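One file, start32.cif, carrying mmCIF, C-alpha atoms:
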```cif
data_query
#
loop_
_atom_site.label_atom_id
_atom_site.label_comp_id
_atom_site.auth_asym_id
_atom_site.auth_seq_id
_atom_site.Cartn_x
_atom_site.Cartn_y
_atom_site.Cartn_z
CA MET V 1 -26.02 124.01 -165.84
CA GLY V 2 -22.67 122.51 -166.80
CA VAL V 3 -23.79 121.92 -170.39
CA HIS V 4 -25.09 125.50 -170.50
CA GLN V 5 -21.71 126.82 -169.35
CA LYS V 6 -19.83 124.69 -171.85
CA LEU V 7 -21.98 124.97 -174.98
CA ILE V 8 -23.60 128.37 -174.63
CA ILE V 9 -20.81 130.37 -173.00
CA ALA V 10 -17.38 128.71 -173.25
CA ASP V 11 -17.57 127.57 -176.86
CA ARG V 12 -19.15 130.86 -177.96
CA ILE V 13 -16.76 133.24 -176.19
CA ALA V 14 -13.88 131.10 -177.46
CA ILE V 15 -14.43 132.56 -180.94
CA PRO V 16 -13.54 136.24 -180.24
CA VAL V 17 -10.94 135.21 -177.63
CA THR V 18 -9.14 132.97 -180.13
CA MET V 19 -9.32 135.71 -182.75
CA ILE V 20 -7.68 138.35 -180.54
CA PHE V 21 -5.08 136.03 -178.99
CA GLY V 22 -4.27 134.81 -182.51
CA ASP V 23 -2.92 138.22 -183.53
CA PRO V 24 -3.10 140.63 -180.57
CA SER V 25 -1.03 143.36 -182.26
CA GLN V 26 -3.95 143.98 -184.63
CA TYR V 27 -6.19 145.11 -181.80
CA GLY V 28 -6.27 148.01 -179.36
CA GLY V 29 -5.74 147.80 -175.60
CA THR V 30 -9.45 147.57 -174.80
CA ALA V 31 -9.86 144.50 -177.02
CA VAL V 32 -6.77 142.87 -175.50
CA LEU V 33 -8.09 143.50 -171.97
CA LEU V 34 -11.49 142.12 -172.96
CA ALA V 35 -9.78 139.07 -174.48
CA GLY V 36 -8.00 138.47 -171.17
CA ILE V 37 -11.25 138.82 -169.25
CA GLY V 38 -13.07 136.77 -171.90
CA TYR V 39 -10.50 133.98 -171.62
CA GLY V 40 -11.05 133.97 -167.84
CA ILE V 41 -14.79 133.53 -168.43
CA GLN V 42 -14.13 130.89 -171.07
CA VAL V 43 -11.85 128.82 -168.83
CA TYR V 44 -14.28 129.06 -165.91
CA ALA V 45 -17.32 128.12 -168.02
CA ASP V 46 -15.38 125.34 -169.71
CA PHE V 47 -13.72 123.84 -166.64
CA SER V 48 -16.43 124.29 -164.01
CA GLY V 49 -19.05 123.41 -166.63
CA GLY V 50 -17.17 120.19 -167.33
CA MET V 51 -16.94 119.50 -163.60
CA ASP V 52 -20.67 120.10 -163.16
CA ILE V 53 -21.41 117.61 -165.95
CA ALA V 54 -19.05 115.08 -164.33
CA ARG V 55 -20.61 115.67 -160.88
CA GLY V 56 -24.11 115.31 -162.33
CA PHE V 57 -23.33 111.99 -163.98
CA SER V 58 -21.55 110.77 -160.85
CA GLN V 59 -24.55 111.60 -158.69
CA ILE V 60 -26.75 109.55 -161.02
CA ILE V 61 -24.67 106.49 -160.12
CA GLY V 62 -24.50 107.45 -156.45
CA ILE V 63 -21.04 109.01 -156.27
CA ASP V 64 -20.71 112.50 -154.77
CA LEU V 65 -17.65 114.23 -156.22
CA GLU V 66 -16.06 117.11 -154.28
CA LEU V 67 -16.73 120.66 -155.42
CA ASN V 68 -13.83 121.99 -157.47
CA PHE V 69 -15.01 125.62 -157.66
CA THR V 70 -16.75 127.89 -155.16
CA GLN V 71 -17.52 131.11 -157.06
CA PRO V 72 -13.80 131.88 -157.67
CA TYR V 73 -14.49 135.22 -159.37
CA PHE V 74 -15.93 136.58 -156.12
CA SER V 75 -12.52 136.13 -154.47
CA VAL V 76 -11.24 139.11 -152.51
CA SER V 77 -7.54 138.25 -152.91
CA VAL V 78 -5.32 136.06 -155.07
CA GLU V 79 -4.78 133.75 -152.10
CA ASN V 80 -8.56 133.54 -151.66
CA PHE V 81 -8.93 132.81 -155.39
CA TRP V 82 -6.69 129.76 -155.18
CA ARG V 83 -8.82 128.39 -152.37
CA ARG V 84 -11.90 128.66 -154.62
CA TRP V 85 -10.46 127.71 -158.03
CA HIS V 86 -9.49 124.14 -158.90
CA ILE V 87 -9.75 123.29 -155.21
CA THR V 88 -8.56 119.71 -155.63
CA LEU V 89 -5.27 120.83 -157.21
CA GLY V 90 -4.75 123.46 -154.49
CA ALA V 91 -5.45 120.94 -151.74
CA PHE V 92 -3.07 118.45 -153.32
CA MET V 93 -0.30 121.05 -153.58
CA ARG V 94 -0.91 122.19 -149.99
CA ASP V 95 -0.92 118.70 -148.48
CA TYR V 96 1.78 117.07 -150.59
CA VAL V 97 4.15 119.95 -151.39
CA PHE V 98 3.66 123.07 -149.22
CA TYR V 99 3.21 121.49 -145.78
CA PRO V 100 5.82 118.73 -146.10
CA LEU V 101 8.41 121.17 -147.48
CA SER V 102 7.67 123.93 -144.96
CA LEU V 103 7.90 121.53 -142.03
CA SER V 104 10.99 119.67 -143.28
CA LYS V 105 14.23 119.87 -141.32
CA PHE V 106 15.98 121.52 -144.26
CA PHE V 107 13.40 124.31 -144.49
CA ASN V 108 13.43 124.65 -140.72
CA ALA V 109 17.19 125.26 -140.91
CA ILE V 110 16.66 127.83 -143.68
CA GLY V 111 14.08 129.57 -141.46
CA LYS V 112 16.45 129.76 -138.48
CA LYS V 113 19.31 131.05 -140.58
CA SER V 114 17.24 133.70 -142.33
CA ARG V 115 15.85 134.96 -139.01
CA LYS V 116 19.40 135.49 -137.79
CA LEU V 117 20.34 137.27 -140.99
CA ILE V 118 17.35 139.51 -141.70
CA GLY V 119 15.40 139.60 -138.47
CA ASP V 120 12.27 137.95 -137.11
CA PHE V 121 9.51 139.40 -139.30
CA ALA V 122 10.98 138.73 -142.75
CA GLY V 123 13.15 135.81 -141.64
CA LYS V 124 10.16 133.76 -140.53
CA LYS V 125 8.65 134.10 -143.99
CA VAL V 126 11.63 132.99 -146.07
CA ALA V 127 11.11 129.23 -145.78
CA PRO V 128 7.32 129.23 -146.39
CA PHE V 129 7.85 131.69 -149.26
CA ILE V 130 10.33 129.35 -150.95
CA ALA V 131 7.83 126.50 -150.49
CA MET V 132 5.01 128.67 -151.84
CA PHE V 133 6.95 129.75 -154.94
CA LEU V 134 7.80 126.13 -155.58
CA VAL V 135 4.08 125.32 -155.36
CA TYR V 136 3.20 128.02 -157.92
CA PHE V 137 6.11 126.96 -160.11
CA LEU V 138 4.61 123.45 -160.07
CA VAL V 139 1.09 124.80 -160.68
CA GLY V 140 2.46 126.56 -163.77
CA PHE V 141 4.49 123.53 -164.85
CA TRP V 142 1.43 121.33 -164.37
CA HIS V 143 -0.30 123.36 -167.11
CA GLY V 144 2.55 122.72 -169.53
CA ALA V 145 6.33 122.53 -169.83
CA GLU V 146 6.69 126.05 -171.26
CA TRP V 147 8.02 129.27 -169.78
CA LYS V 148 4.68 131.02 -170.26
CA TYR V 149 3.00 128.59 -167.84
CA ILE V 150 5.82 128.94 -165.33
CA VAL V 151 5.48 132.76 -165.47
CA TYR V 152 1.71 132.35 -165.02
CA GLY V 153 2.29 130.29 -161.87
CA ILE V 154 4.94 132.62 -160.44
CA TRP V 155 2.75 135.67 -161.22
CA ASN V 156 0.22 134.38 -158.67
CA GLY V 157 2.94 133.65 -156.12
CA VAL V 158 4.31 137.20 -156.41
CA PHE V 159 0.95 138.77 -155.54
CA ILE V 160 0.37 136.43 -152.60
CA ALA V 161 3.89 137.10 -151.26
CA GLY V 162 3.32 140.85 -151.72
CA SER V 163 0.04 140.78 -149.81
CA ILE V 164 1.70 138.98 -146.87
CA LEU V 165 4.81 141.18 -146.76
CA LEU V 166 2.89 144.42 -147.12
CA VAL V 167 0.10 143.58 -144.69
CA ASP V 168 1.07 146.42 -142.31
CA VAL V 169 1.37 148.92 -145.18
CA TYR V 170 -2.09 147.97 -146.44
CA ALA V 171 -3.51 148.30 -142.92
CA LYS V 172 -2.04 151.82 -142.64
CA ILE V 173 -3.42 152.83 -146.05
CA LYS V 174 -6.85 151.50 -145.10
CA ARG V 175 -6.79 153.42 -141.82
CA PHE V 176 -5.61 156.57 -143.59
CA LEU V 177 -8.39 156.33 -146.19
CA HIS V 178 -10.99 155.39 -143.53
CA ILE V 179 -11.85 152.19 -145.38
CA HIS V 180 -14.29 149.87 -143.62
CA GLU V 181 -13.67 146.28 -144.65
CA ASP V 182 -17.30 145.24 -144.29
CA ARG V 183 -18.57 147.84 -146.75
CA PHE V 184 -19.98 146.51 -150.02
CA LEU V 185 -17.99 148.98 -152.17
CA TRP V 186 -14.70 147.88 -150.61
CA ARG V 187 -15.54 144.24 -151.21
CA LEU V 188 -16.51 145.04 -154.79
CA PHE V 189 -13.19 146.82 -155.28
CA GLN V 190 -11.35 143.77 -153.88
CA ILE V 191 -13.27 141.43 -156.21
CA ILE V 192 -12.58 143.54 -159.32
CA ARG V 193 -8.91 144.01 -158.36
CA THR V 194 -8.45 140.24 -157.84
CA PHE V 195 -10.27 139.44 -161.07
CA LEU V 196 -8.00 141.80 -163.03
CA ILE V 197 -4.81 140.41 -161.44
CA ILE V 198 -5.93 136.88 -162.31
CA SER V 199 -6.93 137.94 -165.84
CA PHE V 200 -3.57 139.63 -166.47
CA GLY V 201 -1.84 136.47 -165.23
CA ARG V 202 -3.93 134.40 -167.60
CA LEU V 203 -2.59 136.39 -170.55
CA PHE V 204 0.66 134.49 -169.99
CA SER V 205 -0.97 131.08 -170.06
CA ARG V 206 -3.05 131.84 -173.16
CA ALA V 207 -0.67 133.99 -175.23
CA LEU V 208 1.66 132.43 -177.74
CA ASN V 209 4.67 133.02 -175.48
CA VAL V 210 5.95 135.20 -172.63
CA SER V 211 7.04 138.13 -174.81
CA THR V 212 3.64 138.23 -176.56
CA ALA V 213 1.95 138.29 -173.15
CA PHE V 214 4.14 141.21 -172.03
CA SER V 215 3.40 143.14 -175.22
CA MET V 216 -0.32 142.46 -174.67
CA ILE V 217 -0.09 143.92 -171.15
CA ARG V 218 1.85 146.88 -172.56
CA SER V 219 -0.85 147.34 -175.17
CA ILE V 220 -3.57 147.48 -172.48
CA PHE V 221 -1.81 150.46 -170.90
CA THR V 222 -0.44 152.23 -173.97
CA ARG V 223 -3.10 151.56 -176.61
CA PHE V 224 -6.19 151.51 -174.43
CA THR V 225 -7.97 154.14 -176.48
CA ASP V 226 -6.77 152.82 -179.83
CA PHE V 227 -9.98 151.82 -181.59
CA ALA V 228 -8.59 151.91 -185.13
CA TYR V 229 -9.20 148.17 -185.47
CA LEU V 230 -12.95 148.79 -185.30
CA GLU V 231 -13.07 150.81 -188.48
CA GLY V 232 -15.18 149.06 -191.03
CA ASN V 233 -13.08 145.96 -191.63
CA GLY V 234 -15.56 143.55 -190.12
CA THR V 235 -13.43 142.73 -187.09
CA MET V 236 -15.84 144.68 -184.90
CA THR V 237 -18.00 141.62 -184.53
CA LEU V 238 -14.96 139.51 -183.61
CA GLY V 239 -16.46 136.43 -185.20
CA LEU V 240 -19.88 136.70 -183.54
CA ASP V 241 -22.95 138.43 -184.90
CA LYS V 242 -25.23 140.64 -182.81
CA TRP V 243 -27.55 137.78 -181.88
CA ASN V 244 -24.64 135.64 -180.65
CA TRP V 245 -23.26 138.51 -178.56
CA ILE V 246 -26.69 138.94 -176.92
CA VAL V 247 -26.93 135.19 -176.20
CA LEU V 248 -23.39 135.23 -174.79
CA LEU V 249 -24.03 138.20 -172.50
CA LEU V 250 -27.32 136.74 -171.28
CA GLY V 251 -25.60 133.40 -170.65
CA ILE V 252 -22.90 135.12 -168.60
CA LEU V 253 -25.58 137.08 -166.73
CA LEU V 254 -27.34 133.83 -165.83
CA ILE V 255 -24.12 132.32 -164.45
CA LEU V 256 -23.51 135.54 -162.52
CA ILE V 257 -26.97 135.39 -160.93
CA VAL V 258 -26.54 131.71 -160.02
CA ASP V 259 -23.08 132.37 -158.55
CA ILE V 260 -24.39 135.33 -156.51
CA GLN V 261 -27.09 133.04 -155.07
CA HIS V 262 -24.50 130.37 -154.24
CA GLU V 263 -22.25 133.01 -152.68
CA LYS V 264 -25.15 134.04 -150.43
CA GLY V 265 -25.49 130.41 -149.38
CA PHE V 266 -28.61 129.57 -151.39
CA SER V 267 -28.61 126.37 -153.40
CA MET V 268 -30.37 126.88 -156.73
CA ARG V 269 -30.72 123.14 -157.07
CA ASP V 270 -32.51 122.79 -153.73
CA ARG V 271 -34.78 125.70 -154.60
CA ILE V 272 -35.72 124.13 -157.94
CA ALA V 273 -36.19 120.73 -156.29
CA LYS V 274 -38.78 122.29 -153.94
CA GLN V 275 -40.93 123.51 -156.86
CA ASN V 276 -43.81 121.42 -158.17
CA VAL V 277 -43.23 118.78 -160.81
CA VAL V 278 -44.82 120.76 -163.68
CA PHE V 279 -42.49 123.69 -163.08
CA ARG V 280 -39.46 121.39 -162.93
CA VAL V 281 -40.38 119.56 -166.15
CA LEU V 282 -40.92 122.89 -167.90
CA LEU V 283 -37.61 124.26 -166.64
CA VAL V 284 -35.64 121.18 -167.71
CA SER V 285 -37.37 121.19 -171.13
CA LEU V 286 -36.56 124.89 -171.53
CA ALA V 287 -32.92 124.28 -170.60
CA ILE V 288 -32.59 121.39 -173.05
CA THR V 289 -34.26 123.41 -175.81
CA ALA V 290 -31.99 126.40 -175.10
CA ILE V 291 -28.90 124.21 -175.33
CA ALA V 292 -30.15 122.59 -178.54
CA VAL V 293 -31.07 125.91 -180.17
CA ILE V 294 -28.37 128.28 -178.98
CA GLY V 295 -25.58 125.93 -177.98
CA VAL V 296 -22.41 126.20 -180.05
CA TYR V 297 -21.82 122.86 -181.72
CA GLY V 298 -21.87 121.19 -185.08
CA PRO V 299 -19.35 121.31 -187.94
CA GLY V 300 -16.50 123.70 -187.25
CA PHE V 301 -16.96 123.67 -183.49
CA ASP V 302 -15.01 121.47 -181.15
CA SER V 303 -17.72 121.12 -178.55
CA ALA V 304 -16.34 117.80 -177.34
CA GLY V 305 -12.97 119.24 -176.36
CA PHE V 306 -12.39 120.74 -172.92
CA ILE V 307 -9.54 123.20 -172.37
CA TYR V 308 -8.35 121.32 -169.29
CA GLN V 309 -8.04 118.09 -171.25
CA GLN V 310 -4.68 119.35 -172.44
CA PHE V 311 -3.42 120.12 -168.91
CA MET D 1 -4.34 128.28 -122.39
CA GLU D 2 -3.54 132.00 -121.86
CA GLU D 3 -0.01 131.39 -123.11
CA LEU D 4 -1.26 129.64 -126.24
CA LEU D 5 -3.84 132.35 -126.94
CA GLY D 6 -1.04 134.91 -126.71
CA ILE D 7 0.95 133.03 -129.37
CA LEU D 8 -2.06 132.66 -131.65
CA LYS D 9 -3.03 136.32 -131.25
CA GLY D 10 0.55 137.28 -132.11
CA ILE D 11 0.10 135.61 -135.50
CA ARG D 12 -3.52 136.58 -136.23
CA PRO D 13 -4.57 139.49 -134.00
CA ASP D 14 -7.84 139.83 -135.92
CA VAL D 15 -9.15 136.37 -134.94
CA ASP D 16 -11.09 135.63 -131.74
CA PHE D 17 -9.41 132.33 -130.91
CA GLU D 18 -11.47 131.88 -127.74
CA LYS D 19 -14.76 131.84 -129.62
CA GLU D 20 -14.00 130.41 -133.07
CA THR D 21 -14.75 126.72 -133.46
CA LYS D 22 -14.11 126.30 -137.18
CA LEU D 23 -10.75 127.93 -137.74
CA ILE D 24 -9.94 125.53 -140.58
CA ASP D 25 -13.39 124.48 -141.79
CA ASP D 26 -14.42 128.12 -142.27
CA SER D 27 -11.04 129.02 -143.84
CA ILE D 28 -10.31 131.57 -141.09
CA LEU D 29 -6.72 130.32 -140.98
CA ASP D 30 -4.88 129.78 -144.25
CA SER D 31 -1.93 127.50 -144.92
CA PHE D 32 0.53 130.33 -144.19
CA ASP D 33 -1.06 130.90 -140.77
CA ILE D 34 -0.85 127.18 -140.04
CA ILE D 35 2.86 127.06 -140.90
CA SER D 36 3.47 130.19 -138.78
CA ILE D 37 1.52 128.73 -135.84
CA VAL D 38 3.31 125.38 -136.11
CA GLY D 39 6.70 127.14 -136.23
CA GLU D 40 5.90 129.18 -133.11
CA LEU D 41 4.48 126.21 -131.20
CA ASN D 42 7.46 123.99 -132.08
CA GLU D 43 9.85 126.61 -130.82
CA HIS D 44 7.92 127.74 -127.76
CA TYR D 45 6.97 124.32 -126.44
CA ASP D 46 9.99 122.44 -127.80
CA ILE D 47 7.83 119.96 -129.68
CA GLU D 48 7.79 118.70 -133.24
CA ILE D 49 4.44 118.99 -135.00
CA ASP D 50 4.55 116.69 -137.99
CA VAL D 51 2.75 116.88 -141.36
CA GLU D 52 0.49 114.04 -140.18
CA ASP D 53 -0.67 116.27 -137.31
CA LEU D 54 -1.96 118.94 -139.71
CA GLU D 55 -5.52 117.63 -139.55
CA PRO D 56 -8.41 120.13 -139.43
CA ASP D 57 -9.57 118.57 -136.15
CA ASN D 58 -6.27 119.52 -134.52
CA PHE D 59 -6.52 123.18 -135.55
CA ASN D 60 -10.22 124.04 -135.62
CA THR D 61 -10.20 125.45 -132.07
CA ALA D 62 -7.63 126.82 -129.63
CA LYS D 63 -8.65 123.97 -127.30
CA ALA D 64 -7.80 121.38 -129.99
CA ILE D 65 -4.44 123.05 -130.63
CA LEU D 66 -3.70 122.94 -126.90
CA ALA D 67 -4.66 119.27 -126.79
CA LEU D 68 -2.24 118.56 -129.65
CA VAL D 69 0.56 120.46 -127.90
CA THR D 70 -0.09 118.63 -124.63
CA LYS D 71 -0.14 115.26 -126.40
CA LEU D 72 3.16 115.94 -128.15
CA GLN D 73 4.74 117.16 -124.92
CA GLU D 74 3.74 113.91 -123.21
CA ASP D 75 5.08 111.70 -126.06
#
```
Here is a file; write its structure as structure tokens.
Amino acid sequence: MGVHQKLIIADRIAIPVTMIFGDPSQYGGTAVLLAGIGYGIQVYADFSGGMDIARGFSQIIGIDLELNFTQPYFSVSVENFWRRWHITLGAFMRDYVFYPLSLSKFFNAIGKKSRKLIGDFAGKKVAPFIAMFLVYFLVGFWHGAEWKYIVYGIWNGVFIAGSILLVDVYAKIKRFLHIHEDRFLWRLFQIIRTFLIISFGRLFSRALNVSTAFSMIRSIFTRFTDFAYLEGNGTMTLGLDKWNWIVLLLGILLILIVDIQHEKGFSMRDRIAKQNVVFRVLLVSLAITAIAVIGVYGPGFDSAGFIYQQF
Amino acid sequence: MEELLGILKGIRPDVDFEKETKLIDDSILDSFDIISIVGELNEHYDIEIDVEDLEPDNFNTAKAILALVTKLQED
């Protein structure tokens, strides 16, 4: 599955994503938004695909590596996302930065002082907020020593802080709109909202610099219906022909189905393992053939390189 | 126990602390809740919960939290 994610999805979607991020001003808002979403899919397929390959090889030699992703794009909030995405980094930051800082004497003193100054509700949050922003600053910095990565990290911190501070406001809005939290449509809304927030944040990490990222976001809102770039200059295919787009969309659909099963608590691997040997051999042969035939590799493709190698 | 449940409910009114047995393992409490709970417990019981005490086993149930508080009060 990891090889499928890497060679069929990540390396294929990288082509249009690279094209749009290379010169975003040439494209309309829809293309820029799709590039942001596409980059999110690319990073997930690349990174979690790489992790799956590493976990698979480790299991062959008897080592069980921890899961690093638990269907992150089904997260219902940004905070929830960071508990499902790159879990080992999040756990490291929590245990070695957030907790020690929040419980330190210095931060305790900040907490007491801020409660006196601005009251109990907001005052209690000042010290953990400072610790949290430092965590997201470090998460950004960990990706690279550039402002765009720092902004990417802080972007996430801002939304988490907002959701904590505005918890009562959200509760009132939900009551007013008669929203039931256990309804599927509400959960779907939360998932799409979180995915978009994360995708917008990713524009910062992938764009050339911070100002380009801001102009890309502006373009999504101001040039959303600008489709002039589609007119007969060949860019409509964005580097992939019709067949490759179909393969890409089917590949994404497969990952989506697998992730939905995992989200429901079913293990695809256990299910396959329970099938008879003929079925399993056929399935593995089909998977290998699919990767060999429709995987993106060969001259001109950097199939050996993983995005997270550079971080 | 009633006193502790009152403190916990004050931080997360939506959680049934009497019934839940996997507050950490099932991600019912997040790191912000933990820091808020620790802050309240430190102040209310005049104890000092350290980073080393932030083990899932100490926070998975209200009973375990009470045991941690009692242990630190006795130290």
Go through D:Leu29, D:Val15, D:Ala67, D:Leu72 one by one, measure the shortest atom-to-atom distance of each to chain V using all atoms listed in the file, and give the residue with the smallest value.
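Smallest distance to chain V is found for D:Leu29.
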To test your reading of the syntax: which residues would the PyMOL selection byres ((chain D) within 9 of (chain V)) return for the file shown? Reply as an NGL selection string.
:D and (27 or 30-32 or 35-36 or 38-39 or 49-51 or 54)
Residue IDs satisfying the PyMOL selection byres ((chain D and resi 40) around 12), as JSON, numbers by chain:
{"V": [103, 108, 111, 112, 120, 124], "D": [3, 4, 5, 6, 7, 8, 9, 10, 11, 33, 34, 35, 36, 37, 38, 39, 41, 42, 43, 44, 45, 46, 47, 48, 49, 69]}
Set the distance at 7 Å and use only C-alpha atoms: which residues neighbour Val76 (chain V) once local chain neighbours fewer than 5 positions away are removed? I'd like the list as a ChimeraX atom specification.
/V:187,190-191,194
So which residues fall inside 9 Å of (-9.4, 135.0, -168.4) if we count only C-alpha atoms? Mind giving them as a ChimeraX atom specification?
/V:34-44,195-196,198-203,206
Those residues you just picked out, can you put them in a file as a JSON list (two decimals), in the frame of the given file with C-alpha atoms?
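Saved file again-v5.json follows:
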```json
[["chain", "number", "residue", "atom", "x", "y", "z"],
["V", 34, "LEU", "CA", -11.49, 142.12, -172.96],
["V", 35, "ALA", "CA", -9.78, 139.07, -174.48],
["V", 36, "GLY", "CA", -8.00, 138.47, -171.17],
["V", 37, "ILE", "CA", -11.25, 138.82, -169.25],
["V", 38, "GLY", "CA", -13.07, 136.77, -171.90],
["V", 39, "TYR", "CA", -10.50, 133.98, -171.62],
["V", 40, "GLY", "CA", -11.05, 133.97, -167.84],
["V", 41, "ILE", "CA", -14.79, 133.53, -168.43],
["V", 42, "GLN", "CA", -14.13, 130.89, -171.07],
["V", 43, "VAL", "CA", -11.85, 128.82, -168.83],
["V", 44, "TYR", "CA", -14.28, 129.06, -165.91],
["V", 195, "PHE", "CA", -10.27, 139.44, -161.07],
["V", 196, "LEU", "CA", -8.00, 141.80, -163.03],
["V", 198, "ILE", "CA", -5.93, 136.88, -162.31],
["V", 199, "SER", "CA", -6.93, 137.94, -165.84],
["V", 200, "PHE", "CA", -3.57, 139.63, -166.47],
["V", 201, "GLY", "CA", -1.84, 136.47, -165.23],
["V", 202, "ARG", "CA", -3.93, 134.40, -167.60],
["V", 203, "LEU", "CA", -2.59, 136.39, -170.55],
["V", 206, "ARG", "CA", -3.05, 131.84, -173.16]]
```
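Matched in the shown structure by the PyMOL selection byres ((chain D and resi 63) around 12): D:Met1, D:Glu2, D:Leu4, D:Leu5, D:Leu8, D:Phe17, D:Glu18, D:Lys19, D:Glu20, D:Thr21, D:Lys22, D:Leu23, D:Asp57, D:Asn58, D:Phe59, D:Asn60, D:Thr61, D:Ala62, D:Ala64, D:Ile65, D:Leu66, D:Ala67, D:Leu68, D:Val69, D:Thr70.
Distance check against Gly49 (chain V) using only C-alpha atoms: of V:Leu166, V:Met1, V:Ile20, V:Leu134, the minimum falls on V:Met1.
Take CA of Tyr136 (chain V) and CA of Asn156 (chain V): the distance between them is 7.1 Å.
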For Phe137 (chain V), list every protein, DNA or RNA residue within 6 Å, evaluated using all atoms listed in the file, and leave out those in the same chain fewer than 4 positions away; present the list as a PyMOL selection string.
chain V and resi 133+150+153-154
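Between CA of Val139 (chain V) and CA of Ile118 (chain V) lies a distance of 29.0 Å.
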Applying 12 Å and all atoms listed in the file, which residues near region 261-276 of chain V remain after dropping the ones on its own chain fewer than 6 positions away? List them as a ChimeraX atom specification.
/V:1,56,69-75,84,254-255,282-284
Which distance in Å separates CA of Ala14 (chain V) and CA of Leu65 (chain V), to one decimal?
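The value is 27.4 Å.
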Which residue, V:Gly239, V:Phe159, V:Met51, V:Ala91, has the smallest gap to Val17 (chain V) when you use all atoms listed in the file?
V:Gly239
Nearest to Ser48 (chain V), chosen from V:Val281, V:Ile197, V:Leu256, V:Ala10, with all atoms listed in the file counted in the distances
V:Ala10
Which residues, written as JSON, numbers by chain, have at least one atom at most 12 Å from Ala54 (chain V), with all atoms listed in the file counted and residues fewer than 6 positions away on the same chain left out?
{"V": [1, 2, 3, 47, 48, 60, 61, 63, 64, 65, 66, 67, 68]}
All file atoms of region 97-110 of chain V boxed axis-aligned, 5 Å per side, centre plus edges, as lines of an AutoDock Vina configuration file:
```
center_x = 10.2
center_y = 123.3
center_z = -146.1
size_x = 24.0
size_y = 19.1
size_z = 20.7
```
